[in-house]
>>> print(open('model-v2.txt').read())   # compact mmCIF, C-alpha atoms
# COMPACT_ATOMS: atom_id res chain seq x y z
CA MET A 277 124.34 38.92 58.25
CA GLU A 278 125.12 42.58 57.86
CA PRO A 279 128.27 43.69 56.08
CA VAL A 280 130.97 44.07 58.72
CA ILE A 281 133.26 46.47 56.89
CA LEU A 282 132.06 50.07 56.92
CA ALA A 283 133.85 51.28 53.83
CA ALA A 284 132.92 48.58 51.32
CA GLU A 285 130.64 48.19 48.38
CA GLU A 286 127.40 46.29 48.54
CA CYS A 287 127.69 42.72 49.76
CA ASP A 288 126.29 39.45 48.59
CA LEU A 289 124.47 38.67 51.81
CA THR A 290 124.11 34.95 51.17
CA GLN A 291 127.86 34.32 51.37
CA PRO A 292 129.65 34.13 54.73
CA VAL A 293 132.42 36.50 53.68
CA CYS A 294 131.69 39.86 52.11
CA ALA A 295 133.92 40.03 49.05
CA PRO A 296 133.23 41.61 45.67
CA GLU A 297 133.77 39.59 42.51
CA ASN A 298 136.30 42.05 41.26
CA VAL A 299 138.76 43.31 43.87
CA ALA A 300 139.07 46.61 42.00
CA GLU A 301 135.63 47.42 43.34
CA PHE A 302 137.26 48.14 46.68
CA PHE A 303 139.01 51.12 45.22
CA VAL A 304 136.12 53.16 43.90
CA PHE A 305 133.16 54.69 45.59
CA ASP A 306 130.11 55.86 43.74
CA THR A 307 130.81 59.47 44.59
CA THR A 308 133.12 61.74 42.70
CA LEU A 309 134.23 65.25 43.37
CA TRP A 310 135.14 67.26 40.29
CA ASN A 311 135.69 64.02 38.38
CA THR A 312 138.07 62.57 40.98
CA PRO A 313 136.77 59.38 42.52
CA ILE A 314 136.66 59.51 46.30
CA THR A 315 138.07 56.19 47.40
CA ARG A 316 137.73 54.75 50.86
CA THR A 317 141.34 55.75 51.59
CA ILE A 318 140.58 59.40 50.95
CA PHE A 319 137.40 59.22 52.98
CA LEU A 320 139.19 57.60 55.92
CA MET A 321 142.07 60.06 55.67
CA GLY A 322 139.62 62.93 56.01
CA LEU A 323 138.00 61.13 58.93
CA ALA A 324 141.37 60.72 60.66
CA ALA A 325 142.13 64.42 60.23
CA LEU A 326 138.71 65.32 61.63
CA VAL A 327 139.22 63.01 64.62
CA VAL A 328 142.59 64.60 65.41
CA ILE A 329 141.23 68.12 65.11
CA GLY A 330 138.19 67.16 67.15
CA ILE A 331 140.23 65.68 70.00
CA LEU A 332 142.52 68.69 70.27
CA PHE A 333 139.61 71.12 69.94
CA VAL A 334 137.55 69.49 72.66
CA ALA A 335 140.54 69.19 74.99
CA TYR A 336 141.86 72.72 74.65
CA ARG A 337 138.76 74.73 73.89
CA LYS A 338 138.62 76.36 77.33
CA PRO A 339 141.96 75.69 78.99
CA THR A 340 141.56 76.09 82.71
CA LEU A 341 144.20 75.86 85.38
CA ILE A 342 142.40 73.03 87.12
CA ARG A 343 142.07 70.67 84.22
CA SER A 344 139.20 68.38 83.45
CA LYS A 345 139.82 64.68 83.03
CA PHE A 346 139.80 64.62 79.23
CA GLN A 347 142.15 67.57 79.12
CA THR A 348 144.53 65.78 81.48
CA ALA A 349 144.53 62.71 79.30
CA ILE A 350 145.30 64.68 76.16
CA ASP A 351 147.88 66.67 78.15
CA ALA A 352 149.74 63.44 78.81
CA LEU A 353 150.01 62.84 75.08
CA THR A 354 150.91 66.35 73.98
CA GLY A 355 153.21 66.89 76.96
CA PHE A 356 155.02 63.68 76.14
CA ILE A 357 155.64 64.81 72.55
CA ARG A 358 156.69 68.26 73.72
CA GLU A 359 159.03 67.27 76.54
CA ASP A 360 160.48 63.95 75.50
CA VAL A 361 160.53 64.28 71.74
CA SER A 362 160.69 67.92 70.70
CA ILE A 363 162.70 69.51 73.51
CA GLY A 364 164.39 66.33 74.64
CA ILE A 365 165.79 65.43 71.23
CA ILE A 366 166.16 68.72 69.37
CA GLY A 367 166.97 70.90 72.37
CA PRO A 368 165.44 74.18 73.49
CA GLU A 369 164.67 75.31 69.94
CA GLY A 370 162.69 72.15 69.39
CA ILE A 371 159.59 74.04 70.40
CA LYS A 372 159.49 75.54 66.92
CA TYR A 373 159.02 72.07 65.41
CA TYR A 374 156.59 70.90 68.04
CA PRO A 375 153.38 71.67 66.05
CA TYR A 376 154.62 69.65 63.10
CA LEU A 377 155.74 66.72 65.25
CA LEU A 378 152.49 66.66 67.21
CA SER A 379 150.46 66.78 63.99
CA ILE A 380 152.22 63.87 62.36
CA PHE A 381 152.21 61.86 65.57
CA LEU A 382 148.47 62.20 66.11
CA PHE A 383 147.61 61.71 62.44
CA ILE A 384 149.70 58.56 62.10
CA LEU A 385 148.43 57.28 65.46
CA VAL A 386 144.78 57.66 64.46
CA GLY A 387 145.50 56.33 60.97
CA ASN A 388 147.23 53.25 62.35
CA LEU A 389 144.55 52.68 64.98
CA PHE A 390 141.97 52.49 62.21
CA GLU A 391 143.36 49.01 61.61
CA VAL A 392 142.00 47.82 64.95
CA THR A 393 138.77 49.77 65.20
CA PRO A 394 135.96 47.27 64.70
CA LEU A 395 134.11 48.69 61.71
CA ILE A 396 137.03 50.24 59.87
CA ASN A 397 139.60 47.47 59.72
CA PHE A 398 141.81 49.32 57.28
CA PRO A 399 144.93 51.35 58.18
CA ILE A 400 145.18 54.36 55.93
CA THR A 401 148.95 54.30 56.25
CA SER A 402 148.95 51.02 54.34
CA ARG A 403 148.56 52.98 51.11
CA MET A 404 152.06 54.08 50.22
CA ALA A 405 151.03 57.61 49.27
CA ILE A 406 150.42 58.67 52.86
CA PRO A 407 153.69 57.54 54.50
CA ALA A 408 155.58 58.66 51.40
CA PHE A 409 154.15 62.14 51.57
CA LEU A 410 154.79 62.48 55.31
CA ALA A 411 158.37 61.29 54.80
CA ILE A 412 158.83 63.79 51.95
CA VAL A 413 157.62 66.62 54.18
CA THR A 414 160.04 65.60 56.93
CA TYR A 415 162.80 65.34 54.32
CA LEU A 416 162.09 68.83 53.02
CA ILE A 417 162.06 70.21 56.54
CA PHE A 418 165.38 68.76 57.56
CA VAL A 419 167.12 69.62 54.28
CA ILE A 420 165.83 73.19 54.21
CA VAL A 421 166.57 73.75 57.90
CA GLY A 422 170.05 72.29 57.41
CA PHE A 423 170.88 74.64 54.59
CA ALA A 424 169.20 77.63 56.21
CA LYS A 425 171.02 77.31 59.50
CA ASN A 426 174.46 76.22 58.29
CA GLY A 427 174.71 77.36 54.68
CA PHE A 428 176.88 75.21 52.49
CA GLY A 429 178.85 74.13 55.55
CA TYR A 430 176.00 71.66 56.05
CA LEU A 431 176.89 69.78 52.87
CA GLY A 432 180.59 70.08 53.67
CA GLY A 433 180.02 68.65 57.11
CA ILE A 434 178.30 65.63 55.58
CA VAL A 435 180.67 64.68 52.77
CA TRP A 436 183.87 65.65 54.57
CA PRO A 437 183.30 64.73 58.21
CA GLN A 438 185.86 66.13 60.58
CA SER A 439 185.53 63.40 63.17
CA VAL A 440 186.98 60.66 60.94
CA PRO A 441 190.67 60.05 59.97
CA VAL A 442 191.55 61.73 56.70
CA ALA A 443 192.13 58.53 54.79
CA MET A 444 188.57 57.33 55.40
CA ARG A 445 186.86 60.64 54.80
CA PRO A 446 185.89 60.11 51.14
CA LEU A 447 184.31 56.72 51.84
CA VAL A 448 182.52 57.82 55.00
CA GLY A 449 181.48 61.03 53.29
CA LEU A 450 179.90 59.11 50.42
CA ILE A 451 178.10 56.77 52.80
CA GLU A 452 176.86 59.67 54.88
CA PHE A 453 175.69 61.60 51.81
CA VAL A 454 173.68 58.67 50.43
CA SER A 455 172.33 57.95 53.89
CA TYR A 456 171.20 61.52 54.57
CA PHE A 457 169.65 62.31 51.22
CA ALA A 458 168.37 58.99 49.93
CA ILE A 459 168.11 56.30 52.58
CA ARG A 460 166.53 58.37 55.34
CA PRO A 461 163.26 59.46 53.69
CA PHE A 462 162.92 56.13 51.92
CA SER A 463 163.37 54.05 55.05
CA LEU A 464 161.10 56.34 57.05
CA ALA A 465 158.26 55.80 54.58
CA VAL A 466 158.86 52.09 53.98
CA ARG A 467 159.12 51.29 57.70
CA LEU A 468 155.65 52.67 58.43
CA PHE A 469 154.12 51.31 55.21
CA ALA A 470 155.49 47.78 55.47
CA ASN A 471 154.60 47.43 59.16
CA MET A 472 151.01 48.38 58.47
CA VAL A 473 150.68 46.26 55.33
CA ALA A 474 152.15 43.21 57.05
CA GLY A 475 149.83 43.57 60.02
CA HIS A 476 146.79 44.11 57.84
CA VAL A 477 147.54 41.11 55.60
CA MET A 478 148.17 38.87 58.60
CA LEU A 479 144.98 39.97 60.35
CA SER A 480 142.85 39.54 57.24
CA LEU A 481 144.30 36.14 56.45
CA LEU A 482 144.07 34.68 59.95
CA LEU A 483 140.66 35.99 60.90
CA VAL A 484 138.97 35.25 57.59
CA THR A 485 140.55 31.81 57.35
CA GLY A 486 139.47 30.98 60.88
CA PHE A 487 135.96 32.22 60.27
CA VAL A 488 135.49 30.41 56.95
CA PHE A 489 136.94 27.14 58.24
CA THR A 490 134.82 27.20 61.37
CA THR A 491 131.54 28.09 59.70
CA SER A 492 131.91 25.49 56.96
CA ILE A 493 131.59 22.76 59.56
CA GLY A 494 129.14 20.72 57.53
CA GLU A 495 131.18 20.53 54.37
CA VAL A 496 134.68 19.76 55.63
CA SER A 497 136.10 17.38 58.17
CA LEU A 498 135.86 18.19 61.88
CA LEU A 499 139.64 18.50 62.12
CA LYS A 500 139.72 21.31 59.59
CA SER A 501 136.89 23.14 61.33
CA GLY A 502 138.71 22.78 64.63
CA ALA A 503 141.84 24.16 63.02
CA GLY A 504 139.73 27.15 62.02
CA LEU A 505 139.22 27.97 65.69
CA LEU A 506 142.97 27.86 66.15
CA TRP A 507 143.53 30.31 63.32
CA PHE A 508 140.89 32.61 64.71
CA ALA A 509 142.47 32.55 68.17
CA LEU A 510 145.87 33.34 66.66
CA GLY A 511 144.23 36.13 64.73
CA LEU A 512 142.90 37.60 67.96
CA GLY A 513 146.37 37.40 69.48
CA ILE A 514 147.82 39.23 66.47
CA TYR A 515 145.00 41.78 66.90
CA LEU A 516 146.39 42.75 70.32
CA PHE A 517 149.92 42.84 68.93
CA GLU A 518 148.76 45.14 66.15
CA ILE A 519 147.56 47.70 68.67
CA LEU A 520 151.09 47.80 70.10
CA VAL A 521 152.63 48.01 66.62
CA ALA A 522 150.29 50.86 65.62
CA VAL A 523 151.25 53.03 68.59
CA LEU A 524 154.92 52.11 68.35
CA GLN A 525 155.19 52.91 64.64
CA ALA A 526 153.58 56.31 65.13
CA TYR A 527 156.02 57.05 67.96
CA ILE A 528 159.02 55.85 65.94
CA PHE A 529 158.09 57.96 62.90
CA THR A 530 157.85 61.05 65.10
CA LEU A 531 161.03 60.19 67.02
CA LEU A 532 163.05 59.67 63.85
CA SER A 533 161.72 62.90 62.34
CA ALA A 534 162.89 64.71 65.47
CA VAL A 535 166.29 63.00 65.30
CA TYR A 536 166.74 64.00 61.64
CA ILE A 537 165.74 67.59 62.38
CA GLN A 538 168.18 67.59 65.30
CA SER A 539 170.98 66.47 63.01
CA SER A 540 170.22 69.49 60.80
CA VAL A 541 169.94 71.99 63.62
CA HIS A 542 173.05 70.75 65.48
CA PRO A 543 175.21 69.04 62.88
CA GLU A 544 178.27 68.92 65.10
CA HIS A 545 176.78 66.03 67.10
CA MET B 58 170.67 43.14 35.03
CA ASP B 59 169.72 40.72 32.26
CA ALA B 60 172.33 38.31 33.56
CA VAL B 61 170.81 38.42 37.04
CA LEU B 62 167.32 37.80 35.65
CA ALA B 63 168.62 34.92 33.56
CA VAL B 64 170.24 33.34 36.61
CA VAL B 65 167.06 33.71 38.69
CA ASN B 66 164.93 32.20 35.94
CA ALA B 67 167.36 29.33 35.50
CA ALA B 68 167.36 28.65 39.24
CA THR B 69 163.57 28.62 39.37
CA VAL B 70 163.22 26.26 36.42
CA LEU B 71 165.92 23.99 37.80
CA ALA B 72 164.21 23.75 41.17
CA GLN B 73 160.88 22.98 39.54
CA GLU B 74 162.18 20.29 37.24
CA ALA B 75 164.49 18.57 39.69
CA THR B 76 162.23 18.24 42.72
CA GLY B 77 158.80 19.44 41.64
CA ILE B 78 158.99 22.48 43.95
CA THR B 79 156.95 25.27 42.43
CA GLY B 80 156.52 28.83 43.47
CA SER B 81 158.74 31.84 43.31
CA LEU B 82 162.04 32.81 44.83
CA ASN B 83 160.30 35.72 46.57
CA VAL B 84 159.74 33.70 49.69
CA VAL B 85 163.34 32.45 49.82
CA GLY B 86 164.54 36.02 49.32
CA TYR B 87 162.47 37.33 52.18
CA GLY B 88 163.60 34.49 54.43
CA LEU B 89 167.24 35.27 53.76
CA ALA B 90 166.65 38.95 54.31
CA ALA B 91 165.09 38.38 57.70
CA ILE B 92 168.08 36.55 59.23
CA GLY B 93 170.25 39.62 59.77
CA PRO B 94 167.68 41.95 61.29
CA GLY B 95 166.47 39.16 63.56
CA ILE B 96 169.92 38.78 65.06
CA GLY B 97 170.40 42.55 65.07
CA VAL B 98 167.22 43.30 67.00
CA GLY B 99 168.17 40.62 69.49
CA ILE B 100 171.56 42.23 70.05
CA VAL B 101 170.06 45.72 70.47
CA ALA B 102 167.39 44.62 72.91
CA GLY B 103 169.79 42.42 74.88
CA ASN B 104 172.31 45.20 75.33
CA ALA B 105 169.55 47.58 76.34
CA VAL B 106 168.33 45.18 79.01
CA GLN B 107 171.86 44.73 80.30
CA ALA B 108 172.41 48.49 80.47
CA MET B 109 169.11 49.01 82.26
CA ALA B 110 170.13 46.41 84.80
CA ARG B 111 173.43 48.16 85.44
CA GLN B 112 171.93 51.61 85.91
CA PRO B 113 168.18 51.64 86.48
CA GLU B 114 167.91 55.41 86.87
CA VAL B 115 168.58 56.06 83.17
CA ALA B 116 166.11 53.40 82.06
CA GLY B 117 163.90 56.00 80.34
CA MET B 118 166.64 57.30 78.07
CA LEU B 119 167.80 53.76 77.38
CA ARG B 120 164.30 52.73 76.39
CA THR B 121 164.07 55.59 73.90
CA THR B 122 167.44 54.72 72.38
CA MET B 123 166.47 51.04 72.22
CA PHE B 124 163.35 51.86 70.22
CA LEU B 125 165.44 53.97 67.88
CA GLY B 126 167.90 51.13 67.34
CA ILE B 127 165.13 48.59 66.79
CA ALA B 128 163.48 50.85 64.21
CA PHE B 129 166.70 51.16 62.23
CA THR B 130 167.48 47.44 62.15
CA GLU B 131 163.91 46.40 61.48
CA ALA B 132 163.72 48.69 58.47
CA LEU B 133 165.90 46.31 56.49
CA ALA B 134 163.67 43.33 57.18
CA LEU B 135 160.68 45.40 56.12
CA ILE B 136 162.32 46.45 52.87
CA GLY B 137 162.77 42.71 52.22
CA PHE B 138 159.09 42.21 52.94
CA VAL B 139 158.10 44.90 50.44
CA LEU B 140 160.34 43.35 47.79
CA PHE B 141 158.61 40.05 48.42
CA PHE B 142 155.49 41.58 46.97
CA LEU B 143 157.36 43.31 44.19
CA GLY B 144 159.24 40.28 42.89
>>> encode(input="model-v2.txt", output="structure tokens")
Amino acid sequence: MEPVILAAEECDLTQPVCAPENVAEFFVFDTTLWNTPITRTIFLMGLAALVVIGILFVAYRKPTLIRSKFQTAIDALTGFIREDVSIGIIGPEGIKYYPYLLSIFLFILVGNLFEVTPLINFPITSRMAIPAFLAIVTYLIFVIVGFAKNGFGYLGGIVWPQSVPVAMRPLVGLIEFVSYFAIRPFSLAVRLFANMVAGHVMLSLLLVTGFVFTTSIGEVSLLKSGAGLLWFALGLGIYLFEILVAVLQAYIFTLLSAVYIQSSVHPEH
Amino acid sequence: MDAVLAVVNAATVLAQEATGITGSLNVVGYGLAAIGPGIGVGIVAGNAVQAMARQPEVAGMLRTTMFLGIAFTEALALIGFVLFFLG
């Protein structure tokens, strides 16, 4: 039985499930680059970036008026992000933020879809560093744009909102301040991270449990082996659900980034 | 903070000695944290369906706003899920 996970260390081929004795083995490859170990997360992150660049390159290398089929398909994706997310949410000046929003959408989409590709069952966004960094970049963009476009009136508009009765302004201002500067980047990162971790843990548990129970049919009772088929079927159902969650979480991260940038560009809304 | 930890430890030990239930309070914490967002997502989605039934021509905009609302309310349940692993 060949090892079924692409980015894993060598397997003990006599066991039904490929697992190292020490789980820390999953985190190191044999290769290093200037004394930094290249883990499977870093390798897959580079692969995701290459896939995104490759798709856009192949689609738009020779843009013709009468578009080929692949170009039309990619046009649907990029047009959707341009019309419905960048210009639709931020307004006509959203086109300036369109490259950033398209980049994070495609990168998170490919990274999440790595969870359901057959040989790479590992979403790179389930390592907190990647969603945290993307959320920090969005946070920097909307804070810097807020202060660049509105000066210190931006901060004044947050802590002393004009659209609230005067008696409630300190409380609402405090809530808004904490929400803008602390809760937003944190929740943006944790939402993506926890969705992917939960899906990955559920998939691993259900599929491996089903497989081990079913293949140990000689050693355990027939009922338990039959239950293994049930777990495996549920795991396959969750597999389909995870495809939906992967696409949805990429879309929601991009949508919320656009909404936060919009609240910096047009703070009066 | 020490008082909170002392209370949690006392509750765990009490549960184990009285009934023989072992384990951690992580699971109970996550279960409690998931009640609110469950109801909240139901309310958001239900109102979105009702609005789409009233005015089908703005269904696209309503769908976008529904996803936004679901993302916000689900974030709290997911923070509870992360703290389940941290506890």
>>> closest_atom_pairs(input="model-v2.txt", of="chain B", to="chain A", cutoff="9 Å", atoms="all atoms listed in the file", output="JSON lines")
{"residue": "B:Thr121", "atom": "CA", "partner": "A:Leu531", "partner_atom": "CA", "distance": 8.8}
{"residue": "B:Phe124", "atom": "CA", "partner": "A:Ile528", "partner_atom": "CA", "distance": 7.3}
{"residue": "B:Leu125", "atom": "CA", "partner": "A:Ile528", "partner_atom": "CA", "distance": 7.0}
{"residue": "B:Ala128", "atom": "CA", "partner": "A:Ile528", "partner_atom": "CA", "distance": 6.9}
{"residue": "B:Phe129", "atom": "CA", "partner": "A:Ser463", "partner_atom": "CA", "distance": 8.4}
{"residue": "B:Glu131", "atom": "CA", "partner": "A:Arg467", "partner_atom": "CA", "distance": 7.8}
{"residue": "B:Ala132", "atom": "CA", "partner": "A:Arg467", "partner_atom": "CA", "distance": 5.3}
{"residue": "B:Leu133", "atom": "CA", "partner": "A:Ser463", "partner_atom": "CA", "distance": 8.3}
{"residue": "B:Leu135", "atom": "CA", "partner": "A:Ala470", "partner_atom": "CA", "distance": 5.7}
{"residue": "B:Ile136", "atom": "CA", "partner": "A:Val466", "partner_atom": "CA", "distance": 6.7}
{"residue": "B:Phe138", "atom": "CA", "partner": "A:Ala470", "partner_atom": "CA", "distance": 7.1}
{"residue": "B:Val139", "atom": "CA", "partner": "A:Ala470", "partner_atom": "CA", "distance": 6.4}
>>> residues_near_point(input="model-v2.txt", point="(150.4, 58.3, 62.9)", cutoff="8 Å", atoms="only C-alpha atoms", output="list in words")
Ile380, Phe381, Leu382, Phe383, Ile384, Leu385, Val386, Gly387, Asn388, Thr401, Ala522, Val523, Gln525, Ala526, Tyr527 and Phe529 of chain A
>>> atom_distance(input="model-v2.txt", atom1="CA of Leu431 in chain A", atom2="CA of Ser362 in chain A")
24.2 Å
>>> atom_distance(input="model-v2.txt", atom1="CA of Leu505 in chain A", atom2="CA of Phe487 in chain A")
7.6 Å
>>> closest_residue(input="model-v2.txt", among="A:Ile406, A:Leu506, A:Thr530, A:Tyr336", to="Tyr376 in chain A", atoms="all atoms listed in the file")
A:Thr530
>>> residues_around(input="model-v2.txt", residues="range 411-418 of chain A", least_positions_apart="2", cutoff="8 Å", atoms="only C-alpha atoms", output="JSON list (two decimals) with C-alpha atoms, keeping the file's coordinate frame")
[["chain", "number", "residue", "atom", "x", "y", "z"],
["A", 407, "PRO", "CA", 153.69, 57.54, 54.50],
["A", 408, "ALA", "CA", 155.58, 58.66, 51.40],
["A", 409, "PHE", "CA", 154.15, 62.14, 51.57],
["A", 420, "ILE", "CA", 165.83, 73.19, 54.21],
["A", 421, "VAL", "CA", 166.57, 73.75, 57.90],
["A", 422, "GLY", "CA", 170.05, 72.29, 57.41],
["A", 460, "ARG", "CA", 166.53, 58.37, 55.34],
["A", 461, "PRO", "CA", 163.26, 59.46, 53.69],
["A", 462, "PHE", "CA", 162.92, 56.13, 51.92],
["A", 464, "LEU", "CA", 161.10, 56.34, 57.05],
["A", 465, "ALA", "CA", 158.26, 55.80, 54.58],
["A", 533, "SER", "CA", 161.72, 62.90, 62.34],
["A", 536, "TYR", "CA", 166.74, 64.00, 61.64],
["A", 537, "ILE", "CA", 165.74, 67.59, 62.38],
["A", 540, "SER", "CA", 170.22, 69.49, 60.80]]
>>> atom_distance(input="model-v2.txt", atom1="CA of Ala105 in chain B", atom2="CA of Leu119 in chain B")
6.5 Å
